[in-house]
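*Asks:* Below is the file coords-v8.pdb, which contains PDB, C-alpha atoms, pLDDT in the B column.
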MODEL        1
ATOM      1  CA  MET A  24       2.554  38.219  22.315  1.00 49.00           C
ATOM      2  CA  PRO A  25       1.595  34.613  21.408  1.00 51.00           C
ATOM      3  CA  SER A  26       0.696  32.216  24.166  1.00 49.00           C
ATOM      4  CA  PRO A  27       3.238  29.551  25.215  1.00 50.00           C
ATOM      5  CA  LEU A  28       0.965  26.827  23.822  1.00 48.00           C
ATOM      6  CA  LYS A  29       0.807  28.524  20.408  1.00 49.00           C
ATOM      7  CA  ARG A  30       4.588  29.008  20.345  1.00 46.00           C
ATOM      8  CA  LYS A  31       5.103  25.312  21.145  1.00 50.00           C
ATOM      9  CA  HIS A  32       2.721  24.352  18.330  1.00 48.00           C
ATOM     10  CA  GLU A  33       4.573  26.620  15.858  1.00 49.00           C
ATOM     11  CA  GLN A  34       7.903  25.076  16.863  1.00 49.00           C
ATOM     12  CA  GLU A  35       6.544  21.548  16.326  1.00 49.00           C
ATOM     13  CA  SER A  36       5.184  22.418  12.881  1.00 52.00           C
ATOM     14  CA  ALA A  37       8.638  23.645  11.806  1.00 63.00           C
ATOM     15  CA  THR A  38      10.334  20.300  12.579  1.00 76.00           C
ATOM     16  CA  THR A  39      13.306  19.502  10.374  1.00 83.00           C
ATOM     17  CA  ILE A  40      13.955  15.917   9.364  1.00 84.00           C
ATOM     18  CA  PRO A  41      17.645  14.956   9.064  1.00 86.00           C
ATOM     19  CA  ASP A  42      18.839  13.839   5.633  1.00 84.00           C
ATOM     20  CA  ARG A  43      19.082  10.069   6.214  1.00 86.00           C
ATOM     21  CA  LEU A  44      17.718   7.021   4.453  1.00 88.00           C
ATOM     22  CA  TYR A  45      16.343   5.218   7.517  1.00 91.00           C
ATOM     23  CA  PHE A  46      15.365   6.237  11.038  1.00 92.00           C
ATOM     24  CA  LYS A  47      14.946   3.977  14.068  1.00 93.00           C
ATOM     25  CA  ILE A  48      11.800   4.284  16.154  1.00 93.00           C
ATOM     26  CA  GLY A  49      13.623   6.180  18.898  1.00 93.00           C
ATOM     27  CA  ASP A  50      14.897   8.737  16.396  1.00 92.00           C
ATOM     28  CA  VAL A  51      11.402   9.215  14.956  1.00 92.00           C
ATOM     29  CA  ALA A  52       9.996   9.584  18.467  1.00 93.00           C
ATOM     30  CA  LYS A  53      12.487  12.377  19.199  1.00 93.00           C
ATOM     31  CA  ILE A  54      11.945  14.128  15.858  1.00 91.00           C
ATOM     32  CA  CYS A  55       8.160  14.045  16.170  1.00 92.00           C
ATOM     33  CA  GLY A  56       7.927  14.630  19.903  1.00 93.00           C
ATOM     34  CA  VAL A  57       5.859  11.537  20.704  1.00 93.00           C
ATOM     35  CA  GLU A  58       6.642   8.356  22.582  1.00 94.00           C
ATOM     36  CA  ALA A  59       7.671   5.152  20.788  1.00 94.00           C
ATOM     37  CA  TYR A  60       4.564   3.317  22.017  1.00 95.00           C
ATOM     38  CA  VAL A  61       2.417   5.988  20.336  1.00 94.00           C
ATOM     39  CA  LEU A  62       4.186   5.316  17.041  1.00 94.00           C
ATOM     40  CA  ARG A  63       3.604   1.580  17.387  1.00 94.00           C
ATOM     41  CA  PHE A  64      -0.078   2.218  18.140  1.00 95.00           C
ATOM     42  CA  TRP A  65      -0.440   4.567  15.161  1.00 93.00           C
ATOM     43  CA  GLU A  66       1.033   1.835  12.944  1.00 93.00           C
ATOM     44  CA  SER A  67      -1.925  -0.349  13.910  1.00 92.00           C
ATOM     45  CA  GLN A  68      -4.430   2.464  13.323  1.00 92.00           C
ATOM     46  CA  PHE A  69      -3.157   3.975  10.062  1.00 91.00           C
ATOM     47  CA  PRO A  70      -2.613   1.598   7.140  1.00 89.00           C
ATOM     48  CA  GLN A  71      -0.524   4.255   5.365  1.00 87.00           C
ATOM     49  CA  LEU A  72       2.117   4.035   8.100  1.00 90.00           C
ATOM     50  CA  LYS A  73       4.118   0.879   7.408  1.00 90.00           C
ATOM     51  CA  PRO A  74       7.796   1.112   8.355  1.00 92.00           C
ATOM     52  CA  ASN A  75      10.172  -1.575   7.123  1.00 91.00           C
ATOM     53  CA  LYS A  76      11.657  -4.004   9.614  1.00 90.00           C
ATOM     54  CA  SER A  77      15.252  -5.118   9.760  1.00 89.00           C
ATOM     55  CA  GLY A  78      16.282  -8.745  10.106  1.00 90.00           C
ATOM     56  CA  THR A  79      16.303  -8.306  13.879  1.00 92.00           C
ATOM     57  CA  GLY A  80      12.795  -6.804  13.924  1.00 90.00           C
ATOM     58  CA  GLN A  81      13.911  -3.189  14.416  1.00 91.00           C
ATOM     59  CA  ARG A  82      11.482  -0.729  12.808  1.00 91.00           C
ATOM     60  CA  LEU A  83      13.127   1.317  10.077  1.00 92.00           C
ATOM     61  CA  TYR A  84      11.193   4.426   9.108  1.00 93.00           C
ATOM     62  CA  ARG A  85      11.827   6.203   5.820  1.00 92.00           C
ATOM     63  CA  ARG A  86      11.517   9.945   5.339  1.00 92.00           C
ATOM     64  CA  ARG A  87       7.952   9.600   3.982  1.00 91.00           C
ATOM     65  CA  ASP A  88       7.023   7.601   7.105  1.00 92.00           C
ATOM     66  CA  VAL A  89       8.393  10.361   9.329  1.00 92.00           C
ATOM     67  CA  GLU A  90       6.455  12.942   7.309  1.00 91.00           C
ATOM     68  CA  MET A  91       3.333  10.797   7.704  1.00 92.00           C
ATOM     69  CA  VAL A  92       3.858  10.638  11.479  1.00 93.00           C
ATOM     70  CA  LEU A  93       4.221  14.421  11.607  1.00 93.00           C
ATOM     71  CA  GLU A  94       1.040  14.793   9.571  1.00 92.00           C
ATOM     72  CA  ILE A  95      -0.853  12.392  11.841  1.00 93.00           C
ATOM     73  CA  LYS A  96       0.429  14.250  14.883  1.00 93.00           C
ATOM     74  CA  GLU A  97      -0.713  17.573  13.417  1.00 92.00           C
ATOM     75  CA  LEU A  98      -4.179  16.195  12.696  1.00 91.00           C
ATOM     76  CA  VAL A  99      -4.626  14.502  16.070  1.00 91.00           C
ATOM     77  CA  HIS A 100      -2.800  16.823  18.448  1.00 91.00           C
ATOM     78  CA  GLY A 101      -2.830  20.102  16.529  1.00 90.00           C
ATOM     79  CA  GLN A 102      -6.268  20.134  14.894  1.00 90.00           C
ATOM     80  CA  GLY A 103      -8.065  17.898  17.389  1.00 90.00           C
ATOM     81  CA  PHE A 104      -9.097  15.112  15.000  1.00 90.00           C
ATOM     82  CA  THR A 105     -10.048  11.737  16.379  1.00 91.00           C
ATOM     83  CA  LEU A 106      -8.001   8.809  15.098  1.00 90.00           C
ATOM     84  CA  ALA A 107     -10.882   7.771  12.829  1.00 90.00           C
ATOM     85  CA  GLY A 108     -11.205  11.332  11.522  1.00 89.00           C
ATOM     86  CA  ALA A 109      -7.462  11.595  10.919  1.00 90.00           C
ATOM     87  CA  ARG A 110      -7.505   8.240   9.115  1.00 88.00           C
ATOM     88  CA  GLN A 111     -10.332   9.473   6.900  1.00 88.00           C
ATOM     89  CA  ALA A 112      -8.599  12.803   6.222  1.00 88.00           C
ATOM     90  CA  LEU A 113      -5.380  11.032   5.217  1.00 85.00           C
ATOM     91  CA  GLY A 114      -7.334   8.603   3.018  1.00 83.00           C
ATOM     92  CA  GLN A 115      -9.044  11.434   1.158  1.00 80.00           C
ATOM     93  CA  LYS A 116      -5.764  13.254   0.724  1.00 74.00           C
ATOM     94  CA  GLN A 117      -4.042  10.215  -0.817  1.00 66.00           C
ATOM     95  CA  ARG A 118      -6.827   9.157  -3.217  1.00 58.00           C
ATOM     96  CA  PRO A 119      -6.055  11.674  -6.004  1.00 52.00           C
ATOM     97  CA  ALA A 120      -2.466  10.433  -6.174  1.00 47.00           C
ATOM     98  CA  GLN A 121      -3.646   6.845  -6.596  1.00 45.00           C
ATOM     99  CA  THR A 122      -5.922   7.568  -9.567  1.00 44.00           C
ATOM    100  CA  GLY A 123      -3.028   7.909 -11.992  1.00 45.00           C
ATOM    101  CA  LEU A 124      -3.492   4.335 -13.272  1.00 47.00           C
ATOM    102  CA  ALA A 125      -6.806   3.565 -14.864  1.00 50.00           C
ATOM    103  CA  LEU A 126      -7.943   0.471 -16.703  1.00 50.00           C
ATOM    104  CA  VAL A 127      -9.443   1.198 -20.084  1.00 54.00           C
ATOM    105  CA  THR A 128     -12.094  -1.286 -21.062  1.00 53.00           C
ATOM    106  CA  GLY A 129     -13.786  -1.940 -24.346  1.00 53.00           C
ATOM    107  CA  PRO A 130     -12.656  -2.802 -27.842  1.00 47.00           C
ATOM    108  CA  GLU A 131     -10.356   0.210 -28.182  1.00 50.00           C
ATOM    109  CA  ALA A 132      -8.365  -0.891 -25.147  1.00 55.00           C
ATOM    110  CA  ALA A 133      -6.821  -4.045 -26.642  1.00 55.00           C
ATOM    111  CA  PRO A 134      -5.231  -3.426 -30.026  1.00 58.00           C
ATOM    112  CA  LYS A 135      -4.949  -6.430 -32.335  1.00 60.00           C
ATOM    113  CA  SER A 136      -1.176  -6.040 -32.482  1.00 66.00           C
ATOM    114  CA  MET A 137      -0.983  -6.944 -28.795  1.00 69.00           C
ATOM    115  CA  PRO A 138       0.570 -10.413 -28.255  1.00 78.00           C
ATOM    116  CA  ILE A 139      -1.823 -13.233 -27.310  1.00 77.00           C
ATOM    117  CA  ALA A 140      -0.199 -13.727 -23.886  1.00 77.00           C
ATOM    118  CA  VAL A 141      -0.617 -10.045 -23.064  1.00 80.00           C
ATOM    119  CA  GLN A 142      -4.257 -10.152 -24.212  1.00 79.00           C
ATOM    120  CA  ARG A 143      -4.926 -13.104 -21.898  1.00 81.00           C
ATOM    121  CA  ILE A 144      -3.230 -11.426 -18.953  1.00 85.00           C
ATOM    122  CA  ARG A 145      -5.194  -8.256 -19.655  1.00 83.00           C
ATOM    123  CA  ALA A 146      -8.463 -10.203 -19.776  1.00 82.00           C
ATOM    124  CA  GLU A 147      -7.657 -11.867 -16.442  1.00 84.00           C
ATOM    125  CA  LEU A 148      -6.797  -8.509 -14.865  1.00 84.00           C
ATOM    126  CA  LEU A 149     -10.066  -7.023 -16.096  1.00 82.00           C
ATOM    127  CA  ALA A 150     -11.929 -10.010 -14.626  1.00 78.00           C
ATOM    128  CA  ILE A 151     -10.150  -9.526 -11.300  1.00 80.00           C
ATOM    129  CA  SER A 152     -10.973  -5.819 -11.400  1.00 80.00           C
ATOM    130  CA  ALA A 153     -14.625  -6.641 -12.033  1.00 77.00           C
ATOM    131  CA  MET A 154     -14.640  -9.076  -9.100  1.00 75.00           C
ATOM    132  CA  LEU A 155     -13.114  -6.467  -6.810  1.00 78.00           C
ATOM    133  CA  THR A 156     -15.648  -3.805  -7.766  1.00 78.00           C
ATOM    134  CA  ASP A 157     -18.631  -6.194  -7.802  1.00 74.00           C
ATOM    135  CA  PRO A 158     -18.399  -8.890  -5.103  1.00 63.00           C
ATOM    136  CA  ASP A 159     -21.329 -10.796  -6.651  1.00 67.00           C
ATOM    137  CA  ALA A 160     -19.505 -11.212  -9.979  1.00 62.00           C
ATOM    138  CA  ARG A 161     -18.588 -14.764 -10.880  1.00 65.00           C
ATOM    139  CA  PRO A 162     -14.999 -15.528 -11.817  1.00 62.00           C
ATOM    140  CA  VAL A 163     -14.224 -16.201 -15.455  1.00 60.00           C
ATOM    141  CA  PRO A 164     -13.002 -19.783 -15.942  1.00 67.00           C
ATOM    142  CA  PRO A 165      -9.427 -20.053 -17.167  1.00 68.00           C
ATOM    143  CA  ALA A 166      -8.821 -20.790 -20.825  1.00 69.00           C
ATOM    144  CA  PRO A 167      -8.073 -24.450 -21.599  1.00 68.00           C
ATOM    145  CA  PRO A 168      -4.474 -25.310 -22.370  1.00 64.00           C
ATOM    146  CA  ARG A 169      -3.532 -25.094 -26.020  1.00 66.00           C
ATOM    147  CA  ARG A 170      -1.835 -28.491 -26.451  1.00 67.00           C
ATOM    148  CA  ARG A 171      -1.974 -31.700 -24.559  1.00 61.00           C
ATOM    149  CA  THR A 172       0.774 -34.214 -24.869  1.00 63.00           C
ATOM    150  CA  ARG A 173      -0.206 -37.870 -24.898  1.00 64.00           C
ATOM    151  CA  PHE A 174       2.203 -40.529 -23.888  1.00 62.00           C
ATOM    152  CA  ALA A 175       1.953 -43.972 -25.379  1.00 62.00           C
ATOM    153  CA  VAL A 176       1.855 -46.814 -22.879  1.00 59.00           C
ATOM    154  CA  VAL A 177       4.790 -49.101 -23.667  1.00 61.00           C
ATOM    155  CA  SER A 178       3.720 -51.989 -21.455  1.00 63.00           C
ATOM    156  CA  GLY A 179       0.784 -52.806 -19.238  1.00 65.00           C
ATOM    157  CA  GLU A 180       2.801 -52.238 -16.083  1.00 67.00           C
ATOM    158  CA  LEU A 181       3.146 -48.869 -14.432  1.00 65.00           C
ATOM    159  CA  PHE A 182       6.806 -49.409 -13.554  1.00 66.00           C
ATOM    160  CA  PRO A 183       8.369 -51.854 -16.047  1.00 60.00           C
ATOM    161  CA  VAL A 184      11.437 -53.733 -14.830  1.00 60.00           C
TER     162      VAL A 184
ENDMDL
END
Please lay out the structure from this file as structure tokens.
*Replies:*
Amino acid sequence: MPSPLKRKHEQESATTIPDRLYFKIGDVAKICGVEAYVLRFWESQFPQLKPNKSGTGQRLYRRRDVEMVLEIKELVHGQGFTLAGARQALGQKQRPAQTGLALVTGPEAAPKSMPIAVQRIRAELLAISAMLTDPDARPVPPAPPRRRTRFAVVSGELFPV
């Protein structure tokens, strides 16, 4: 026969989330079995947990936020992680999903058929990427404007009457 503590843990892991678009903080607190102040504190400790806010400042959690809270609760309360350890575990878990977009550099990355504006934007993005990966990198100066319009001075006065 399982202990009462183990049964409680099994019940919490089988939590069902209602099929709704948004949840208020009180609803999330009831679903997850934690107090609202714990949720607000976890928001400050876990950058992945960012609920939307309504015009009146009410926190509106989405389903993925509720799932994140349940995962944080399992790590901290169920597996005994510290907050820093849980933050690290969640960060490692989410990294593979974020590697789907990769910048390809080199001559094969920018085909000649690419419009000039897109080539410039791409070059700026690559420069920004280089600055983010190497903090000692110097920024690339912007390209000079293509045309300059000159206005002829009609009279010697700035504001002719």
*Asks:* Given the PyMOL selection byres ((chain A and resi 51-60) around 10) and the file above, list the residues it selects as a compact mmCIF listing (two decimals) with C-alpha atoms, keeping the file's coordinate frame.
*Replies:*
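Okay, out_33.txt is ready:
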# COMPACT_ATOMS: atom_id res chain seq x y z
CA GLU A 35 6.54 21.55 16.33
CA SER A 36 5.18 22.42 12.88
CA THR A 38 10.33 20.30 12.58
CA THR A 39 13.31 19.50 10.37
CA ILE A 40 13.96 15.92 9.36
CA PRO A 41 17.64 14.96 9.06
CA TYR A 45 16.34 5.22 7.52
CA PHE A 46 15.36 6.24 11.04
CA LYS A 47 14.95 3.98 14.07
CA ILE A 48 11.80 4.28 16.15
CA GLY A 49 13.62 6.18 18.90
CA ASP A 50 14.90 8.74 16.40
CA VAL A 61 2.42 5.99 20.34
CA LEU A 62 4.19 5.32 17.04
CA ARG A 63 3.60 1.58 17.39
CA PHE A 64 -0.08 2.22 18.14
CA TRP A 65 -0.44 4.57 15.16
CA GLU A 66 1.03 1.84 12.94
CA LEU A 83 13.13 1.32 10.08
CA TYR A 84 11.19 4.43 9.11
CA ARG A 85 11.83 6.20 5.82
CA ARG A 86 11.52 9.94 5.34
CA ASP A 88 7.02 7.60 7.10
CA VAL A 89 8.39 10.36 9.33
CA GLU A 90 6.46 12.94 7.31
CA VAL A 92 3.86 10.64 11.48
CA LEU A 93 4.22 14.42 11.61
CA GLU A 94 1.04 14.79 9.57
CA LYS A 96 0.43 14.25 14.88
CA GLU A 97 -0.71 17.57 13.42
*Asks:* When you draw a straight line from CA of Leu44 in chain A to CA of Leu113 in chain A, how long is it in Å?
*Replies:*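 Value for the CA of Leu44 in chain A-CA of Leu113 in chain A distance: 23.5 Å.
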*Asks:* Rank nothing, just name the residue among A:Arg110, A:His100, A:Arg145, A:Lys116 nearest to Leu72 in chain A, using all atoms listed in the file.
*Replies:*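 Of the candidates, the smallest distance to Leu72 in chain A is held by A:Arg110.
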*Asks:* Please provide as a list in words all residues within 12 Å of Thr105 in chain A, with the sequence filter that same-chain residues fewer than 6 positions apart are discarded (counting only C-alpha atoms).
*Replies:*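 Using only C-alpha atoms, the neighbours found are Gln68, Ile95, Lys96, Glu97, Leu98, Val99, Gln111 and Ala112 of chain A.
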*Asks:* Distance CA of Leu148 in chain A-CA of Lys73 in chain A, one decimal place?
*Replies:* 26.5 Å
*Asks:* Report, in Å with one decimal, the straight-line distance from CA of Met154 in chain A to CA of Phe69 in chain A.
*Replies:*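 We find that CA of Met154 in chain A and CA of Phe69 in chain A lie 25.9 Å from each other.
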